[in-house]
Amino acid sequence: MIRHIIQAPIESRYQAGNAVVKTPRFLGGPVTPPGPAELIDTPRLLHRLQTTLDLDELMDIFSNSIAWRIPHDGLTFDREDRGIHLSRGRLSRHSCRYHLMVDQHELGELRLLRGRKFRESELAALEEALTALIYPLRNALLYHEALQAAQTDPLTGLQNRAAMNRAVERELAVCRRTAQPLAMLVLDVDHFKRINDHHGHHSGDQVLIAVARRLQEVTRKSDMVFRFGGEEFVILMAGTDTQAAAQGAARVHEAIRNHPLSLGDGGHVEVTASIGVTAYREEDTPHSLFQRADQAMYRAKQTGRDRIEWAD
């Protein structure tokens with residue numbers, strides 16, 4: 001059920017680093033306030049929540065802090081317009097949902113789940129606790145947006161080189177821990193300088209945007225696509241063996257080749273790409289993994305372009 005829209009407290013004051021929250025606002029109907037023995041220590045909860053700007057950690061702190069009063073099997077938080085979905089625990093039969101707002105701006109939807117229905121006293125205690133979550137959540141979302149902006153290529157909207165470096169470190173750690181496969185594709189748009197020289201830099205930008213769009217369309221949800229720089233792109237394919245990587249590289253190659261870019265003057269630009277592919281090895285570092293795929297890409301260029309080459 002969707003319980004209430006919860007806004008930030010009407011009045012807050014801070015003394016010596018401790019928050020005293022007054023008069024929470026619940027929109028959507030009257031709520032019976034919890035008794036003194038049932039109250040969650042909101043100032044202490046707020047202090048805990050203010051110790052992090054990481055969204056996942058924030059939700060963990062909130063869930064663990066209220067579990068003694070509102071037992072639950074799982075918790076989710078969604079902000080669809082930002083592509084944010086956080087989930088901990090497990091799905092269960094019953095749930096309560098809350099739309100969270102601050103200063104008339106929507107923060108997202110939080111949902112608690114468990115096998116039995118929530119009691120009114122538990123919901124009232126939860127709604128009191130949610131007033132402490134509002135501002136830490138707002139701050140964590142702003143921090144998340146800043147991180148995303150720092151890791152996003154402004155032209156194509158893909159993740160950038162800095163984001164790729166972090167992702168490769170993370171995925172290599174997973175491979176070492178679980179022995180799951182990993183593949184990397186390095187792709188370079190062929191004759192990109194010629195496109196810029198003949199058609200102008202605006203057309204060159206449109207080619208990069210179109211290539212980025214094609215890569216997003218033909219890769220899987222689990223694949224990570226990055227603009228490495230210039231006309232070079234990287235695809236990181238977690239849990240992907242050599243056979244699946246070969247199929248993925250072929251899809252990417254054909255998707256780019258078969259979609260020339262239409263120009264405003266009625267003409268079009270034929271676009272092809274040279275692709276290098278490699279698979280994870282036990283001794284790999286981020287540098288060695290990328291270097292093999294990059295060298296394979298350059299070999300594809302040297303042997304005629306518009307082709308796929310595997311690393312030695």
# chains A, B, ... in the order shown; residues from 1 in each chain; ligands from 1
call {"tool": "select_by_dssp", "arguments": {"residues": "segment 59-150 of chain A", "states": "alpha helix (DSSP H)", "output": "number ranges by chain"}}
result
A: 59-66, 120-150
call {"tool": "residues_around", "arguments": {"residues": "Thr152 of chain A", "least_positions_apart": "5", "cutoff": "12 Å", "atoms": "only C-alpha atoms", "output": "PyMOL selection string"}}
result
chain A and resi 145-147+157-164+225-229
call {"tool": "select_by_dssp", "arguments": {"residues": "segment 46-261 of chain A", "states": "strand (DSSP E or B)", "output": "count of residues only"}}
result
56
call {"tool": "closest_atom_pairs", "arguments": {"of": "segment 80-183 of chain A", "to": "segment 48-63 of chain A", "cutoff": "10 Å", "atoms": "only C-alpha atoms", "output": "JSON lines"}}
result
{"residue": "A:Ile84", "atom": "CA", "partner": "A:Leu55", "partner_atom": "CA", "distance": 9.6}
{"residue": "A:His85", "atom": "CA", "partner": "A:Asp56", "partner_atom": "CA", "distance": 9.8}
{"residue": "A:Leu86", "atom": "CA", "partner": "A:Asp56", "partner_atom": "CA", "distance": 6.9}
{"residue": "A:Ser87", "atom": "CA", "partner": "A:Asp56", "partner_atom": "CA", "distance": 8.5}
{"residue": "A:Arg88", "atom": "CA", "partner": "A:Asp60", "partner_atom": "CA", "distance": 7.8}
{"residue": "A:Gly89", "atom": "CA", "partner": "A:Ser63", "partner_atom": "CA", "distance": 9.8}
{"residue": "A:Leu110", "atom": "CA", "partner": "A:Met59", "partner_atom": "CA", "distance": 9.7}
{"residue": "A:Leu112", "atom": "CA", "partner": "A:Ser63", "partner_atom": "CA", "distance": 9.0}
{"residue": "A:Ala129", "atom": "CA", "partner": "A:Phe62", "partner_atom": "CA", "distance": 8.6}
{"residue": "A:Leu130", "atom": "CA", "partner": "A:Phe62", "partner_atom": "CA", "distance": 8.8}
{"residue": "A:Ala132", "atom": "CA", "partner": "A:Leu49", "partner_atom": "CA", "distance": 8.0}
{"residue": "A:Leu133", "atom": "CA", "partner": "A:Leu49", "partner_atom": "CA", "distance": 7.0}
{"residue": "A:Ile134", "atom": "CA", "partner": "A:Leu49", "partner_atom": "CA", "distance": 9.8}
{"residue": "A:Tyr135", "atom": "CA", "partner": "A:Gln50", "partner_atom": "CA", "distance": 8.7}
{"residue": "A:Pro136", "atom": "CA", "partner": "A:Gln50", "partner_atom": "CA", "distance": 5.7}
{"residue": "A:Leu137", "atom": "CA", "partner": "A:Leu55", "partner_atom": "CA", "distance": 7.4}
{"residue": "A:Arg138", "atom": "CA", "partner": "A:Leu53", "partner_atom": "CA", "distance": 9.4}
{"residue": "A:Asn139", "atom": "CA", "partner": "A:Leu53", "partner_atom": "CA", "distance": 6.7}
{"residue": "A:Ala140", "atom": "CA", "partner": "A:Leu53", "partner_atom": "CA", "distance": 4.5}
{"residue": "A:Leu141", "atom": "CA", "partner": "A:Leu55", "partner_atom": "CA", "distance": 7.2}
{"residue": "A:Leu142", "atom": "CA", "partner": "A:Leu53", "partner_atom": "CA", "distance": 8.9}
{"residue": "A:Tyr143", "atom": "CA", "partner": "A:Leu53", "partner_atom": "CA", "distance": 6.5}
{"residue": "A:His144", "atom": "CA", "partner": "A:Asp54", "partner_atom": "CA", "distance": 7.5}
call {"tool": "residues_around", "arguments": {"residues": "His199 of chain A", "least_positions_apart": "5", "cutoff": "12 Å", "atoms": "only C-alpha atoms", "output": "list in words"}}
result
Phe192, Lys193, Arg194, Gly204, Asp205, Gln206, Val207, Leu261, Ser262, Leu263, Gly264, Asp265, Gly267, His268, Val269 and Glu270 of chain A
call {"tool": "residues_around", "arguments": {"residues": "segment 70-78 of chain A", "least_positions_apart": "4", "cutoff": "10 Å", "atoms": "only C-alpha atoms", "output": "ChimeraX atom specification"}}
result
/A:38,40,55-56,59-60,62-66,82-99,107-116,118-119,121-126
call {"tool": "closest_residue", "arguments": {"among": "A:Pro181, A:Thr156, A:Gly200, A:Glu169", "to": "Gln216 of chain A", "atoms": "only C-alpha atoms"}}
result
A:Thr156
call {"tool": "atom_distance", "arguments": {"atom1": "atom CA of Lys117 of chain A", "atom2": "atom CA of His47 of chain A"}}
result
29.5 Å
call {"tool": "atom_distance", "arguments": {"atom1": "atom CA of Tyr280 of chain A", "atom2": "atom CA of Glu231 of chain A"}}
result
24.1 Å
call {"tool": "residues_around", "arguments": {"residues": "segment 288-301 of chain A", "least_positions_apart": "6", "cutoff": "7 Å", "atoms": "only C-alpha atoms", "output": "PyMOL selection string"}}
result
chain A and resi 184-187+274-278+280+307-311
call {"tool": "atom_distance", "arguments": {"atom1": "atom CA of Glu80 of chain A", "atom2": "atom CA of Leu236 of chain A"}}
result
24.3 Å
call {"tool": "decode", "arguments": {"residues": "segment 255-281 of chain A", "atoms": "N, CA, C and O atoms", "output": "PDB file, in the first residue's frame"}}
result
ATOM      1  N   ALA A 255      26.211  -3.472 -35.854  1.00  0.00           N
ATOM      2  CA  ALA A 255      25.290  -2.373 -35.536  1.00  0.00           C
ATOM      3  C   ALA A 255      25.856  -1.038 -35.989  1.00  0.00           C
ATOM      4  O   ALA A 255      25.121  -0.161 -36.472  1.00  0.00           O
ATOM      5  N   ILE A 256      27.169  -0.853 -35.851  1.00  0.00           N
ATOM      6  CA  ILE A 256      27.784   0.404 -36.280  1.00  0.00           C
ATOM      7  C   ILE A 256      27.887   0.457 -37.796  1.00  0.00           C
ATOM      8  O   ILE A 256      27.549   1.467 -38.429  1.00  0.00           O
ATOM      9  N   ARG A 257      28.309  -0.617 -38.407  1.00  0.00           N
ATOM     10  CA  ARG A 257      28.500  -0.643 -39.865  1.00  0.00           C
ATOM     11  C   ARG A 257      27.177  -0.466 -40.617  1.00  0.00           C
ATOM     12  O   ARG A 257      27.130   0.179 -41.674  1.00  0.00           O
ATOM     13  N   ASN A 258      26.108  -1.020 -40.082  1.00  0.00           N
ATOM     14  CA  ASN A 258      24.828  -1.035 -40.801  1.00  0.00           C
ATOM     15  C   ASN A 258      23.961   0.197 -40.558  1.00  0.00           C
ATOM     16  O   ASN A 258      22.810   0.238 -41.002  1.00  0.00           O
ATOM     17  N   HIS A 259      24.488   1.200 -39.859  1.00  0.00           N
ATOM     18  CA  HIS A 259      23.696   2.393 -39.577  1.00  0.00           C
ATOM     19  C   HIS A 259      24.488   3.652 -39.915  1.00  0.00           C
ATOM     20  O   HIS A 259      25.050   4.306 -39.013  1.00  0.00           O
ATOM     21  N   PRO A 260      24.554   4.017 -41.196  1.00  0.00           N
ATOM     22  CA  PRO A 260      25.222   5.276 -41.562  1.00  0.00           C
ATOM     23  C   PRO A 260      24.491   6.465 -40.951  1.00  0.00           C
ATOM     24  O   PRO A 260      23.283   6.408 -40.701  1.00  0.00           O
ATOM     25  N   LEU A 261      25.244   7.537 -40.711  1.00  0.00           N
ATOM     26  CA  LEU A 261      24.675   8.722 -40.085  1.00  0.00           C
ATOM     27  C   LEU A 261      24.136   9.671 -41.146  1.00  0.00           C
ATOM     28  O   LEU A 261      24.862  10.076 -42.056  1.00  0.00           O
ATOM     29  N   SER A 262      22.860  10.027 -41.021  1.00  0.00           N
ATOM     30  CA  SER A 262      22.257  10.988 -41.942  1.00  0.00           C
ATOM     31  C   SER A 262      22.661  12.401 -41.545  1.00  0.00           C
ATOM     32  O   SER A 262      22.653  12.762 -40.358  1.00  0.00           O
ATOM     33  N   LEU A 263      23.020  13.220 -42.553  1.00  0.00           N
ATOM     34  CA  LEU A 263      23.411  14.598 -42.317  1.00  0.00           C
ATOM     35  C   LEU A 263      22.260  15.540 -42.643  1.00  0.00           C
ATOM     36  O   LEU A 263      21.313  15.178 -43.333  1.00  0.00           O
ATOM     37  N   GLY A 264      22.359  16.756 -42.144  1.00  0.00           N
ATOM     38  CA  GLY A 264      21.286  17.719 -42.351  1.00  0.00           C
ATOM     39  C   GLY A 264      21.094  18.119 -43.796  1.00  0.00           C
ATOM     40  O   GLY A 264      20.010  18.541 -44.197  1.00  0.00           O
ATOM     41  N   ASP A 265      22.154  17.994 -44.629  1.00  0.00           N
ATOM     42  CA  ASP A 265      22.058  18.399 -46.029  1.00  0.00           C
ATOM     43  C   ASP A 265      21.533  17.286 -46.935  1.00  0.00           C
ATOM     44  O   ASP A 265      21.542  17.408 -48.158  1.00  0.00           O
ATOM     45  N   GLY A 266      21.077  16.201 -46.335  1.00  0.00           N
ATOM     46  CA  GLY A 266      20.553  15.088 -47.117  1.00  0.00           C
ATOM     47  C   GLY A 266      21.563  14.000 -47.396  1.00  0.00           C
ATOM     48  O   GLY A 266      21.215  12.912 -47.860  1.00  0.00           O
ATOM     49  N   GLY A 267      22.844  14.272 -47.117  1.00  0.00           N
ATOM     50  CA  GLY A 267      23.876  13.253 -47.306  1.00  0.00           C
ATOM     51  C   GLY A 267      23.967  12.334 -46.095  1.00  0.00           C
ATOM     52  O   GLY A 267      23.144  12.393 -45.176  1.00  0.00           O
ATOM     53  N   HIS A 268      24.960  11.479 -46.105  1.00  0.00           N
ATOM     54  CA  HIS A 268      25.165  10.585 -44.979  1.00  0.00           C
ATOM     55  C   HIS A 268      26.644  10.234 -44.852  1.00  0.00           C
ATOM     56  O   HIS A 268      27.411  10.379 -45.806  1.00  0.00           O
ATOM     57  N   VAL A 269      27.025   9.763 -43.674  1.00  0.00           N
ATOM     58  CA  VAL A 269      28.395   9.360 -43.387  1.00  0.00           C
ATOM     59  C   VAL A 269      28.407   7.871 -43.084  1.00  0.00           C
ATOM     60  O   VAL A 269      27.674   7.393 -42.200  1.00  0.00           O
ATOM     61  N   GLU A 270      29.209   7.134 -43.824  1.00  0.00           N
ATOM     62  CA  GLU A 270      29.405   5.720 -43.533  1.00  0.00           C
ATOM     63  C   GLU A 270      30.331   5.605 -42.324  1.00  0.00           C
ATOM     64  O   GLU A 270      31.415   6.194 -42.298  1.00  0.00           O
ATOM     65  N   VAL A 271      29.911   4.855 -41.327  1.00  0.00           N
ATOM     66  CA  VAL A 271      30.689   4.717 -40.095  1.00  0.00           C
ATOM     67  C   VAL A 271      31.046   3.250 -39.881  1.00  0.00           C
ATOM     68  O   VAL A 271      30.176   2.382 -39.957  1.00  0.00           O
ATOM     69  N   THR A 272      32.326   2.997 -39.631  1.00  0.00           N
ATOM     70  CA  THR A 272      32.773   1.653 -39.269  1.00  0.00           C
ATOM     71  C   THR A 272      33.679   1.776 -38.041  1.00  0.00           C
ATOM     72  O   THR A 272      34.095   2.865 -37.656  1.00  0.00           O
ATOM     73  N   ALA A 273      34.014   0.634 -37.467  1.00  0.00           N
ATOM     74  CA  ALA A 273      34.854   0.654 -36.270  1.00  0.00           C
ATOM     75  C   ALA A 273      35.807  -0.531 -36.274  1.00  0.00           C
ATOM     76  O   ALA A 273      35.496  -1.606 -36.803  1.00  0.00           O
ATOM     77  N   SER A 274      36.959  -0.330 -35.677  1.00  0.00           N
ATOM     78  CA  SER A 274      37.920  -1.399 -35.427  1.00  0.00           C
ATOM     79  C   SER A 274      37.823  -1.774 -33.956  1.00  0.00           C
ATOM     80  O   SER A 274      37.811  -0.900 -33.088  1.00  0.00           O
ATOM     81  N   ILE A 275      37.747  -3.075 -33.691  1.00  0.00           N
ATOM     82  CA  ILE A 275      37.472  -3.543 -32.330  1.00  0.00           C
ATOM     83  C   ILE A 275      38.537  -4.543 -31.891  1.00  0.00           C
ATOM     84  O   ILE A 275      38.868  -5.484 -32.620  1.00  0.00           O
ATOM     85  N   GLY A 276      39.059  -4.327 -30.691  1.00  0.00           N
ATOM     86  CA  GLY A 276      39.964  -5.276 -30.057  1.00  0.00           C
ATOM     87  C   GLY A 276      39.280  -5.932 -28.879  1.00  0.00           C
ATOM     88  O   GLY A 276      38.565  -5.269 -28.120  1.00  0.00           O
ATOM     89  N   VAL A 277      39.489  -7.242 -28.710  1.00  0.00           N
ATOM     90  CA  VAL A 277      38.809  -8.000 -27.652  1.00  0.00           C
ATOM     91  C   VAL A 277      39.836  -8.792 -26.847  1.00  0.00           C
ATOM     92  O   VAL A 277      40.781  -9.358 -27.412  1.00  0.00           O
ATOM     93  N   THR A 278      39.642  -8.838 -25.553  1.00  0.00           N
ATOM     94  CA  THR A 278      40.467  -9.687 -24.699  1.00  0.00           C
ATOM     95  C   THR A 278      39.622 -10.241 -23.575  1.00  0.00           C
ATOM     96  O   THR A 278      38.536  -9.728 -23.282  1.00  0.00           O
ATOM     97  N   ALA A 279      40.135 -11.306 -22.950  1.00  0.00           N
ATOM     98  CA  ALA A 279      39.450 -11.941 -21.809  1.00  0.00           C
ATOM     99  C   ALA A 279      40.350 -11.874 -20.582  1.00  0.00           C
ATOM    100  O   ALA A 279      41.580 -11.801 -20.687  1.00  0.00           O
ATOM    101  N   TYR A 280      39.738 -11.905 -19.438  1.00  0.00           N
ATOM    102  CA  TYR A 280      40.447 -11.814 -18.162  1.00  0.00           C
ATOM    103  C   TYR A 280      41.412 -12.981 -17.983  1.00  0.00           C
ATOM    104  O   TYR A 280      41.109 -14.130 -18.296  1.00  0.00           O
ATOM    105  N   ARG A 281      42.592 -12.665 -17.448  1.00  0.00           N
ATOM    106  CA  ARG A 281      43.571 -13.662 -17.043  1.00  0.00           C
ATOM    107  C   ARG A 281      43.879 -13.456 -15.567  1.00  0.00           C
ATOM    108  O   ARG A 281      43.808 -12.341 -15.058  1.00  0.00           O
TER     109      ARG A 281
END
